[in-house]
Every structure is written in structure tokens, then in C-alpha cells.
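Structure data follow from model_25.tsv (TSV, C-alpha atoms):
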```tsv
chain	number	residue	atom	x	y	z
D	1	ILE	CA	-39.81	17.49	-25.20
D	2	VAL	CA	-41.61	18.21	-21.91
D	3	GLY	CA	-38.84	16.59	-19.87
D	4	PHE	CA	-36.08	18.48	-21.64
D	5	SER	CA	-38.02	21.75	-21.33
D	6	ILE	CA	-38.06	21.32	-17.54
D	7	ILE	CA	-34.31	20.63	-17.47
D	8	PHE	CA	-33.69	23.58	-19.79
D	9	ILE	CA	-35.63	25.98	-17.54
D	10	LEU	CA	-33.77	24.73	-14.44
D	11	THR	CA	-30.46	25.22	-16.26
D	12	LEU	CA	-31.48	28.71	-17.33
D	13	ILE	CA	-32.22	29.62	-13.69
D	14	ILE	CA	-28.85	28.16	-12.67
D	15	SER	CA	-27.03	30.15	-15.36
D	16	VAL	CA	-28.57	33.39	-14.08
D	17	LEU	CA	-27.78	32.59	-10.44
D	18	GLY	CA	-24.22	31.53	-11.35
D	19	SER	CA	-23.64	34.97	-12.90
D	20	TRP	CA	-24.68	36.72	-9.69
D	21	ASN	CA	-21.71	38.40	-7.96
D	22	VAL	CA	-22.79	37.05	-4.56
D	23	MET	CA	-22.55	33.45	-5.85
D	24	LYS	CA	-19.20	34.17	-7.49
D	25	SER	CA	-17.83	35.57	-4.23
D	26	LEU	CA	-18.83	32.29	-2.53
D	27	ASN	CA	-17.19	30.26	-5.33
D	28	LEU	CA	-20.60	28.79	-6.19
D	29	GLU	CA	-20.30	28.72	-9.96
D	30	ALA	CA	-23.11	27.48	-12.21
D	31	PRO	CA	-21.91	23.83	-12.39
D	32	LEU	CA	-21.89	23.43	-8.59
D	33	LEU	CA	-25.25	25.18	-8.28
D	34	ALA	CA	-26.69	22.89	-10.95
D	35	LEU	CA	-25.45	19.82	-9.08
D	36	ALA	CA	-26.74	21.08	-5.71
D	37	LEU	CA	-30.18	21.98	-7.11
D	38	GLY	CA	-30.42	18.64	-8.88
D	39	LEU	CA	-29.54	16.74	-5.71
D	40	VAL	CA	-32.15	18.60	-3.66
D	41	ILE	CA	-34.90	18.06	-6.23
D	42	GLY	CA	-33.90	14.49	-7.03
D	43	ASN	CA	-33.82	13.34	-3.41
D	44	PHE	CA	-36.97	15.08	-2.17
D	45	ILE	CA	-39.21	14.84	-5.24
D	46	LYS	CA	-39.87	11.57	-7.03
D	47	MET	CA	-39.04	11.97	-10.71
D	48	PRO	CA	-41.88	10.83	-13.04
D	49	LYS	CA	-41.01	8.01	-15.44
D	50	TRP	CA	-41.47	10.23	-18.49
D	51	MET	CA	-38.49	12.34	-17.35
D	52	ASP	CA	-36.08	9.43	-17.88
D	53	SER	CA	-35.63	10.00	-21.60
D	54	ALA	CA	-34.56	13.61	-20.97
D	55	LEU	CA	-32.01	12.83	-18.24
D	56	ARG	CA	-29.21	12.08	-20.71
D	57	THR	CA	-26.14	12.67	-18.53
D	58	GLU	CA	-23.63	10.84	-20.72
D	59	PHE	CA	-24.92	12.47	-23.91
D	60	PHE	CA	-24.57	15.96	-22.43
D	61	VAL	CA	-21.09	15.43	-20.98
D	62	LYS	CA	-19.77	13.85	-24.19
D	63	THR	CA	-21.21	16.73	-26.23
D	64	GLY	CA	-19.50	19.17	-23.87
D	65	ILE	CA	-16.16	17.38	-24.21
D	66	VAL	CA	-16.36	17.40	-28.02
D	67	LEU	CA	-17.08	21.15	-27.86
D	68	MET	CA	-14.11	21.49	-25.51
D	69	GLY	CA	-11.96	20.05	-28.29
D	70	ALA	CA	-13.05	22.93	-30.50
D	71	THR	CA	-11.62	25.40	-27.98
D	72	LEU	CA	-8.22	23.66	-27.68
D	73	PRO	CA	-5.68	23.99	-30.53
D	74	PHE	CA	-4.65	20.57	-31.86
D	75	THR	CA	-0.98	21.58	-31.59
D	76	LEU	CA	-1.52	21.93	-27.84
D	77	ILE	CA	-3.10	18.46	-27.61
D	78	VAL	CA	-0.17	16.92	-29.51
D	79	GLU	CA	2.28	18.72	-27.24
D	80	ALA	CA	0.55	17.72	-24.00
D	81	GLY	CA	-0.53	14.24	-25.12
D	82	PRO	CA	2.62	12.24	-24.28
D	83	VAL	CA	2.96	13.80	-20.83
D	84	ALA	CA	-0.76	13.38	-20.09
D	85	PHE	CA	-0.71	9.76	-21.27
D	86	ALA	CA	2.43	8.94	-19.26
D	87	GLN	CA	0.98	10.51	-16.11
D	88	ALA	CA	-2.32	8.73	-16.69
D	89	THR	CA	-0.51	5.42	-17.07
D	90	VAL	CA	1.15	5.75	-13.67
D	91	ILE	CA	-2.11	6.73	-11.98
D	92	ALA	CA	-4.27	4.14	-13.76
D	93	VAL	CA	-1.96	1.21	-13.03
D	94	LEU	CA	-1.34	2.14	-9.38
D	95	THR	CA	-5.01	2.80	-8.61
D	96	PHE	CA	-6.30	-0.24	-10.50
D	97	VAL	CA	-3.86	-2.62	-8.81
D	98	THR	CA	-4.60	-1.13	-5.37
D	99	ILE	CA	-8.38	-1.44	-5.62
D	100	TYR	CA	-8.23	-4.89	-7.21
D	101	PHE	CA	-5.75	-6.25	-4.65
D	102	VAL	CA	-7.58	-4.85	-1.62
D	103	GLY	CA	-10.96	-5.95	-2.98
D	104	SER	CA	-10.14	-9.47	-4.17
D	105	LYS	CA	-7.19	-10.52	-1.99
D	106	VAL	CA	-7.75	-8.67	1.29
D	107	LEU	CA	-11.55	-8.38	1.48
D	108	GLY	CA	-12.42	-11.49	-0.54
D	109	LEU	CA	-14.65	-9.85	-3.15
D	110	ASP	CA	-15.37	-11.64	-6.43
D	111	LYS	CA	-12.61	-10.97	-8.99
D	112	ARG	CA	-15.05	-9.56	-11.51
D	113	PHE	CA	-16.57	-7.29	-8.86
D	114	ALA	CA	-13.12	-6.06	-7.84
D	115	THR	CA	-12.32	-5.43	-11.50
D	116	CYS	CA	-15.42	-3.22	-11.92
D	117	LEU	CA	-14.48	-1.23	-8.83
D	118	ALA	CA	-10.87	-0.88	-9.99
D	119	ALA	CA	-11.91	0.27	-13.47
D	120	GLY	CA	-14.26	2.92	-12.09
D	121	GLY	CA	-11.60	4.27	-9.75
D	122	SER	CA	-8.66	4.26	-12.13
D	123	ILE	CA	-9.86	5.06	-15.66
D	124	CYS	CA	-13.01	7.05	-16.38
D	125	GLY	CA	-15.61	6.31	-13.75
D	126	VAL	CA	-19.07	5.18	-14.79
D	127	SER	CA	-18.19	4.46	-18.42
D	128	ALA	CA	-15.23	2.29	-17.43
D	129	SER	CA	-17.27	0.34	-14.85
D	130	ILE	CA	-19.94	-0.42	-17.44
D	131	ALA	CA	-17.54	-1.24	-20.27
D	132	ILE	CA	-15.14	-3.42	-18.29
D	133	GLY	CA	-18.01	-5.01	-16.37
D	134	GLY	CA	-19.32	-6.18	-19.73
D	135	SER	CA	-15.88	-7.38	-20.81
D	136	VAL	CA	-15.46	-9.67	-17.79
D	137	ARG	CA	-19.17	-10.59	-17.58
D	138	ALA	CA	-19.65	-9.13	-14.12
D	139	GLU	CA	-23.04	-9.35	-12.44
D	140	LYS	CA	-25.38	-6.43	-13.05
D	141	GLN	CA	-25.54	-5.70	-9.31
D	142	HIS	CA	-21.73	-5.48	-9.13
D	143	VAL	CA	-21.67	-2.93	-11.94
D	144	SER	CA	-24.41	-0.92	-10.21
D	145	VAL	CA	-22.45	-0.86	-6.95
D	146	ALA	CA	-19.29	0.24	-8.77
D	147	ILE	CA	-21.23	3.07	-10.43
D	148	SER	CA	-22.70	4.14	-7.08
D	149	LEU	CA	-19.25	4.33	-5.48
D	150	VAL	CA	-17.89	6.29	-8.44
D	151	VAL	CA	-20.74	8.78	-7.98
D	152	VAL	CA	-20.19	9.02	-4.20
D	153	TRP	CA	-16.49	9.79	-4.48
D	154	ALA	CA	-16.96	11.99	-7.54
D	155	MET	CA	-19.42	14.12	-5.54
D	156	ILE	CA	-16.98	14.38	-2.64
D	157	MET	CA	-14.12	15.36	-4.94
D	158	ILE	CA	-16.18	18.06	-6.67
D	159	PHE	CA	-15.99	20.03	-3.41
D	160	ALA	CA	-12.84	18.59	-1.78
D	161	LEU	CA	-10.36	19.13	-4.63
D	162	PRO	CA	-11.18	22.84	-5.29
D	163	PHE	CA	-11.09	23.45	-1.51
D	164	MET	CA	-7.63	21.85	-1.19
D	165	ILE	CA	-6.38	23.62	-4.32
D	166	LYS	CA	-7.39	27.05	-3.01
D	167	ALA	CA	-6.15	26.29	0.52
D	168	LEU	CA	-2.74	25.23	-0.82
D	169	GLY	CA	-2.58	28.09	-3.33
D	170	ILE	CA	-1.99	25.77	-6.30
D	171	PRO	CA	-1.85	27.55	-9.71
D	172	SER	CA	-4.62	26.91	-12.22
D	173	GLY	CA	-2.64	24.73	-14.66
D	174	PRO	CA	-1.40	22.14	-12.13
D	175	ALA	CA	-4.77	22.36	-10.34
D	176	GLY	CA	-6.64	21.26	-13.47
D	177	ALA	CA	-4.14	18.47	-14.08
D	178	TRP	CA	-4.55	17.24	-10.49
D	179	ILE	CA	-8.33	17.23	-10.89
D	180	GLY	CA	-7.93	15.33	-14.17
D	181	THR	CA	-5.70	12.80	-12.43
D	182	SER	CA	-7.75	12.31	-9.27
D	183	GLU	CA	-11.40	12.81	-10.24
D	184	PHE	CA	-13.41	9.71	-11.16
D	185	ALA	CA	-15.89	11.03	-13.72
D	186	ASP	CA	-15.65	13.49	-16.62
D	187	ALA	CA	-18.70	15.51	-15.58
D	188	ALA	CA	-17.70	15.76	-11.93
D	189	GLY	CA	-14.13	16.68	-12.85
D	190	MET	CA	-15.37	19.38	-15.19
D	191	ALA	CA	-17.48	20.82	-12.36
D	192	ALA	CA	-14.47	20.86	-10.04
D	193	ALA	CA	-12.25	22.47	-12.70
D	194	ALA	CA	-14.93	25.05	-13.48
D	195	ALA	CA	-14.76	26.12	-9.83
D	196	ILE	CA	-11.15	27.20	-10.50
D	197	ASP	CA	-11.00	28.91	-13.92
D	198	GLU	CA	-10.73	28.44	-17.70
D	199	GLN	CA	-7.08	27.36	-17.61
D	200	ALA	CA	-7.90	24.63	-15.07
D	201	ILE	CA	-10.69	23.43	-17.36
D	202	LYS	CA	-8.23	23.10	-20.25
D	203	THR	CA	-5.51	21.24	-18.34
D	204	PHE	CA	-8.17	19.02	-16.76
D	205	THR	CA	-9.43	18.12	-20.23
D	206	LEU	CA	-5.94	17.38	-21.52
D	207	MET	CA	-5.22	15.16	-18.52
D	208	LYS	CA	-8.57	13.38	-18.24
D	209	VAL	CA	-9.70	13.02	-21.86
D	210	VAL	CA	-6.37	12.82	-23.69
D	211	GLY	CA	-4.72	10.87	-20.86
D	212	ARG	CA	-7.04	8.65	-18.84
D	213	ASP	CA	-10.11	8.17	-21.05
D	214	MET	CA	-7.93	6.74	-23.82
D	215	PHE	CA	-7.33	3.66	-21.64
D	216	VAL	CA	-10.89	2.32	-21.76
D	217	GLY	CA	-10.57	0.29	-24.95
D	218	ILE	CA	-7.16	-1.11	-24.05
D	219	TRP	CA	-8.14	-2.15	-20.54
D	220	CYS	CA	-11.39	-3.70	-21.75
D	221	PHE	CA	-9.46	-5.94	-24.11
D	222	VAL	CA	-6.85	-6.87	-21.49
D	223	MET	CA	-9.44	-7.69	-18.82
D	224	ALA	CA	-11.61	-9.62	-21.31
D	225	LEU	CA	-8.54	-11.68	-22.24
D	226	ILE	CA	-7.78	-12.43	-18.57
D	227	ALA	CA	-11.41	-13.28	-17.83
D	228	VAL	CA	-11.63	-15.74	-20.73
D	229	THR	CA	-8.25	-17.39	-20.29
D	230	LYS	CA	-7.96	-17.37	-16.50
D	231	TRP	CA	-11.33	-16.94	-14.83
D	232	GLU	CA	-13.74	-18.75	-17.15
D	233	LYS	CA	-13.78	-22.35	-18.26
D	234	ARG	CA	-15.39	-22.23	-21.65
D	235	GLU	CA	-16.10	-25.14	-23.91
D	236	ASP	CA	-16.51	-23.20	-27.15
D	237	GLY	CA	-12.94	-21.87	-27.02
D	238	VAL	CA	-14.01	-18.36	-28.06
D	239	LYS	CA	-11.47	-15.68	-27.19
D	240	PRO	CA	-11.84	-11.90	-27.33
D	241	SER	CA	-10.77	-10.40	-30.64
D	242	PRO	CA	-8.73	-7.22	-31.14
D	243	GLY	CA	-12.01	-5.67	-32.36
D	244	GLU	CA	-13.03	-5.51	-28.68
D	245	ILE	CA	-10.73	-2.52	-28.32
D	246	TRP	CA	-12.63	-0.56	-30.96
D	247	TYR	CA	-16.02	-1.74	-29.68
D	248	ARG	CA	-15.28	-0.48	-26.16
D	249	PHE	CA	-13.27	2.59	-27.11
D	250	PRO	CA	-15.02	5.87	-26.07
D	251	LYS	CA	-15.91	7.29	-29.50
D	252	PHE	CA	-16.49	10.81	-28.17
D	253	VAL	CA	-12.71	11.07	-27.70
D	254	LEU	CA	-12.41	10.94	-31.52
D	255	GLY	CA	-14.98	13.74	-31.74
D	256	PHE	CA	-12.86	15.75	-29.31
D	257	PHE	CA	-9.81	15.38	-31.58
D	258	ALA	CA	-11.81	16.05	-34.77
D	259	ALA	CA	-13.26	19.29	-33.39
D	260	SER	CA	-9.79	20.46	-32.37
D	261	ILE	CA	-8.31	19.65	-35.78
D	262	ILE	CA	-11.12	21.46	-37.65
D	263	ILE	CA	-10.78	24.65	-35.60
D	264	THR	CA	-6.97	24.53	-35.78
D	265	LEU	CA	-7.05	24.20	-39.58
D	266	LEU	CA	-9.57	27.04	-39.81
D	267	PHE	CA	-7.41	29.39	-37.76
D	268	SER	CA	-4.26	28.43	-39.68
D	269	THR	CA	-5.79	29.94	-42.85
D	270	LEU	CA	-6.49	33.31	-41.24
D	271	ASP	CA	-4.27	36.36	-41.10
D	272	PRO	CA	-3.54	37.85	-37.63
D	273	ALA	CA	-6.19	40.55	-38.06
D	274	ALA	CA	-8.92	37.98	-38.70
D	275	VAL	CA	-7.99	35.75	-35.73
D	276	ALA	CA	-9.56	38.07	-33.14
D	277	SER	CA	-12.76	38.24	-35.18
D	278	ALA	CA	-12.87	34.43	-35.46
D	279	GLU	CA	-12.34	34.12	-31.69
D	280	SER	CA	-15.45	36.19	-31.01
D	281	THR	CA	-17.65	34.79	-33.80
D	282	VAL	CA	-16.64	31.10	-33.67
D	283	VAL	CA	-14.85	30.09	-30.47
D	284	SER	CA	-16.80	32.29	-28.04
D	285	PRO	CA	-20.24	30.87	-29.05
D	286	LEU	CA	-18.80	27.35	-28.82
D	287	LYS	CA	-17.63	28.06	-25.26
D	288	THR	CA	-21.15	29.26	-24.40
D	289	LEU	CA	-22.65	26.12	-25.90
D	290	ARG	CA	-20.09	24.03	-24.01
D	291	SER	CA	-21.11	25.70	-20.73
D	292	TRP	CA	-24.75	24.85	-21.45
D	293	ALA	CA	-23.85	21.22	-22.16
D	294	PHE	CA	-21.98	20.88	-18.88
D	295	ASN	CA	-24.66	22.64	-16.83
D	296	LEU	CA	-27.24	20.27	-18.32
D	297	THR	CA	-24.94	17.42	-17.33
D	298	PHE	CA	-24.66	18.52	-13.72
D	299	ILE	CA	-28.38	19.08	-13.26
D	300	CYS	CA	-29.01	15.57	-14.66
D	301	ILE	CA	-26.43	14.03	-12.32
D	302	GLY	CA	-28.19	15.61	-9.36
D	303	LEU	CA	-31.66	14.57	-10.51
D	304	THR	CA	-30.60	10.93	-10.97
D	305	THR	CA	-28.52	10.50	-7.77
D	306	ARG	CA	-30.31	8.95	-4.79
D	307	PHE	CA	-28.52	9.10	-1.43
D	308	ARG	CA	-30.65	6.21	-0.16
D	309	GLU	CA	-29.32	3.93	-2.90
D	310	LEU	CA	-25.74	5.02	-2.32
D	311	THR	CA	-25.85	3.99	1.36
D	312	SER	CA	-26.81	0.38	0.56
D	313	VAL	CA	-23.58	-0.81	-1.08
D	314	GLY	CA	-21.95	-2.31	2.04
D	315	TRP	CA	-18.59	-1.58	3.63
D	316	LYS	CA	-16.26	-3.94	1.72
D	317	PRO	CA	-16.69	-2.40	-1.75
D	318	LEU	CA	-16.51	1.03	-0.13
D	319	ALA	CA	-13.27	0.09	1.66
D	320	ALA	CA	-11.69	-1.25	-1.53
D	321	PHE	CA	-12.62	1.85	-3.54
D	322	THR	CA	-11.48	4.17	-0.75
D	323	ALA	CA	-8.08	2.44	-0.74
D	324	GLY	CA	-7.75	3.49	-4.37
D	325	VAL	CA	-8.67	7.07	-3.45
D	326	ALA	CA	-5.98	7.03	-0.75
D	327	VAL	CA	-3.41	6.24	-3.46
D	328	ASN	CA	-4.91	8.27	-6.31
D	329	VAL	CA	-5.18	11.69	-4.67
D	330	PRO	CA	-1.67	12.04	-3.13
D	331	VAL	CA	0.08	10.50	-6.16
D	332	GLY	CA	-1.97	12.81	-8.41
D	333	TYR	CA	-0.80	15.79	-6.34
D	334	LEU	CA	2.82	14.61	-6.48
D	335	LEU	CA	2.76	14.22	-10.27
D	336	SER	CA	0.64	17.26	-11.19
D	337	VAL	CA	1.91	19.83	-8.72
D	338	VAL	CA	5.31	18.77	-7.38
D	339	LEU	CA	6.98	16.99	-10.30
D	340	LEU	CA	5.20	18.47	-13.33
D	341	GLY	CA	3.82	21.69	-11.87
D	342	ASP	CA	5.93	23.98	-14.06
D	343	TYR	CA	4.94	22.02	-17.17
D	344	TRP	CA	1.18	22.22	-16.49
D	345	SER	CA	1.50	25.93	-15.64
D	346	SER	CA	3.08	26.71	-18.99
D	347	ILE	CA	1.22	24.32	-21.31
D	348	VAL	CA	-1.90	26.49	-21.78
```
Before anything else, please render the file you have as C-alpha cells.
Amino acid sequence: IVGFSIIFILTLIISVLGSWNVMKSLNLEAPLLALALGLVIGNFIKMPKWMDSALRTEFFVKTGIVLMGATLPFTLIVEAGPVAFAQATVIAVLTFVTIYFVGSKVLGLDKRFATCLAAGGSICGVSASIAIGGSVRAEKQHVSVAISLVVVWAMIMIFALPFMIKALGIPSGPAGAWIGTSEFADAAGMAAAAAIDEQAIKTFTLMKVVGRDMFVGIWCFVMALIAVTKWEKREDGVKPSPGEIWYRFPKFVLGFFAASIIITLLFSTLDPAAVASAESTVVSPLKTLRSWAFNLTFICIGLTTRFRELTSVGWKPLAAFTAGVAVNVPVGYLLSVVLLGDYWSSIV
């Protein structure tokens, strides 16, 4: 309770500052301020152990994403789903293969280590590194390094992608899709999309959650199968079961869909005159709650990120991950802005 109270007060301060016209004119929205404040505090003040239970980054971001589902009509998700999934497939396969090949074949990293790096860079960041690391029985240190690199590049992209989007004059819809294609973590991507506008947040969510995050369970099963049949010599003959897909599948994605379906069904029963009232009494408070969830996420990311730890990973893992970034970002731009720009502009 004490730990959460501290985080709550910090988030309240951030919310007030983020509403200040001066901050808005500098494009310093609440999510970016929360991240910056968290980084300053986390790297200059040692966090007491009793704060750990309150720094629930994954819980906050997953709650925010489920609430995001409540603000997106299910008909829109169904319409965008195939395109988002197809685009995510291209990005995930290209990025995964690039990082794995450079890491294992060119730089000589352990196959399991390269797999963790590839998962973090191609699917959904920290969650993918942890889940697939467990599937292939990677060393704990390898998973930690993969997470660190995801955080490093996610931080860079929070600032780099909005800067490039505004410099190139990219519309909000394609901008959000590009962020969803090229960011490495849900929370970081949401912060970058929030620096654009509400439409960018929605297309980011469709691309990242509906498209890329859906891959976690599938890739965990595939990599577990390869690890058991190709990399490990096991005497007991145990092979991964199809249940591995469900075990590793990110359950919050189902919450995202459920929230969208519930709100869509609710609105379908209303007459046109009641829709506006429902928007203000139901959807608007959910958006406010969603903003709180994401601001709590960003402050927690900052408080738990240590620059000293991030500089100790060595150059080979960094080089392999960066090779994936070099593929991910331009291909994401090509798909989201050049080829499918009109689609993402009109979808929301």
C-alpha cells in the first residue's frame, strides 16, 4: 500500500504536468514525462526492497491494453485483424530470422541465446524473451540480457519514432501502425503512440496487440519443438505438447477482445440518441482509467531501469539485436506508410 501510494502520487504529479500547455507545446505528454521522471529517480535513488511489490509494470500495461479493447469496436478489430496479422507475420519472420542468423551463425552466440534475442526483437519484447527463453530452456543470464536489450531499444524508439513521424509528416493512422510494427514492447509503443494522438494509439493497438502479440504462443511451441528435437538429446523422449501454445499464450489478449465485444454489444442495443450519452458515461471514464494504467506503467519502467546494468551486456548480443532493428524499422515503414498507408489512415 505504501509503495503504490508513492507511485500514485508521482503519477498524479505527472498527469498535472502533462496537461500543462507548455509541456504540450514541447510534445512532452504525460507518458514521456512519467518515463523520464522514473528514469531520473530510479538511476539516482536506490529503490527500497519494499517498493518491489508495487512496481508491477506488466500488470499495469496489460490492464491498460484490456481497457483499450473497451474503446475499440469489435467490428473494427475484425476488419483490421487479417491485415494486422499479415503485416505482423512479415515483420516477425524477417526480424526473427535476421537476429537469429546474425547472433548464432555470424557472431557465434549460443542458439538458445540467439533465440531469446530474436523473440524479444520480433514479437512482443520482454514477454516474448521470457516465454520463449523458458520454452528452449535458455540460461537465466541470457534471458536477462535479452530483456535489457529490449528495454534499451524500446527506450530509444519511444523518442526516435515520434521524431521521425513528425519530421516526415506521416499521418496518425500509418504512424501508429509503424510504431506497432517497429516498437519492441507494448508499454514503450503505447508511450510513443501517445506522443502522436488518439488515432495513432488505436492503430498501434490493432497492429501490436491484434497482430504481433498473438504470435507468442505459436512461436513458443515451434521453438520448444525445435529445441527438443534438434538441440537437446533427451533420454526420456518427452516432447512439447500442443498445450504449450495455450500455456504460453498472452491471456490479456483475450481480455482485450472480451472488453471490445462487451462494449460493442452494449452500443448495438442503443438508439442513436443514447449513443452520445453512453460515450460520455461509459467510454470516456474507461479512457481516463486507461491513461492512468499506462502512466503507472511508464513510471514503473523508469523506476526499474538501471543504465549501469544495460551497459554490461557486451557488444555481440547488442550487434545481433541491432541487426534486427536495421531490418525492422525500414520494413515497418515500407509496410505501414508506403504500401498500406491509405488503409491505416481510413481504418479508424
Any idea what's packed within 8 Å of segment 95-107 of chain D, counting only C-alpha atoms, ignoring anything in its chain fewer than 2 positions away? Could you give it as a compact mmCIF listing (two decimals) with C-alpha atoms, in the frame of the given file?
```txt
# COMPACT_ATOMS: atom_id res chain seq x y z
CA ILE D 91 -2.11 6.73 -11.98
CA ALA D 92 -4.27 4.14 -13.76
CA VAL D 93 -1.96 1.21 -13.03
CA LEU D 109 -14.65 -9.85 -3.15
CA ASP D 110 -15.37 -11.64 -6.43
CA LYS D 111 -12.61 -10.97 -8.99
CA ALA D 114 -13.12 -6.06 -7.84
CA THR D 115 -12.32 -5.43 -11.50
CA LEU D 117 -14.48 -1.23 -8.83
CA ALA D 118 -10.87 -0.88 -9.99
CA ALA D 119 -11.91 0.27 -13.47
CA GLY D 121 -11.60 4.27 -9.75
CA SER D 122 -8.66 4.26 -12.13
CA LYS D 316 -16.26 -3.94 1.72
CA PRO D 317 -16.69 -2.40 -1.75
CA ALA D 319 -13.27 0.09 1.66
CA ALA D 320 -11.69 -1.25 -1.53
CA PHE D 321 -12.62 1.85 -3.54
CA ALA D 323 -8.08 2.44 -0.74
CA GLY D 324 -7.75 3.49 -4.37
CA VAL D 325 -8.67 7.07 -3.45
CA VAL D 327 -3.41 6.24 -3.46
CA ASN D 328 -4.91 8.27 -6.31
```
> Using all atoms listed in the file, which of D:Glu279, D:Asp213, D:Glu58, D:Glu139 sits nearest Phe184 of chain D?
Replying inline: D:Asp213
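Reported to one decimal place, the separation of atom CA of Val61 of chain D from atom CA of Met164 of chain D is 24.8 Å.
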>> So that I can check the surroundings of segment 339-346 of chain D, please list as a ChimeraX atom specification every protein, DNA and RNA residue that reaches within 12 Å of it, counting all atoms listed in the file and ignoring chain neighbours fewer than 2 positions away.
In response: /D:76,79-81,83-84,86-87,170-178,180,199-207,331-337,348
> Using all atoms listed in the file, which of the listed residues (D:Val283, D:Leu303, D:Ala138, D:Ile77) sits closest to Trp231 of chain D?
Replying inline: D:Ala138
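Of the residues listed (D:Pro162, D:Thr89, D:Val209, D:Pro31), D:Val209 shows the shortest atom-to-atom separation from Lys251 of chain D; distances use only C-alpha atoms.
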>> Can you pull out the residues contacting Gly38 of chain D? Cut-off 12 Å, using all atoms listed in the file, and skip same-chain residues under 6 positions away; I want them as a PyMOL selection string.
In response: chain D and resi 6-7+10-11+14+30-32+44-47+55+295-306
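For the choices D:Lys208, D:Lys230, D:Lys140, D:Arg112, the atom-to-atom distance to Asp186 of chain D is smallest for D:Lys208 when using all atoms listed in the file.
For the set D:Thr75, D:Ser277, D:Thr181, D:Ser148, the residue with the smallest atom-to-atom gap to Leu265 of chain D is D:Thr75, counting only C-alpha atoms.
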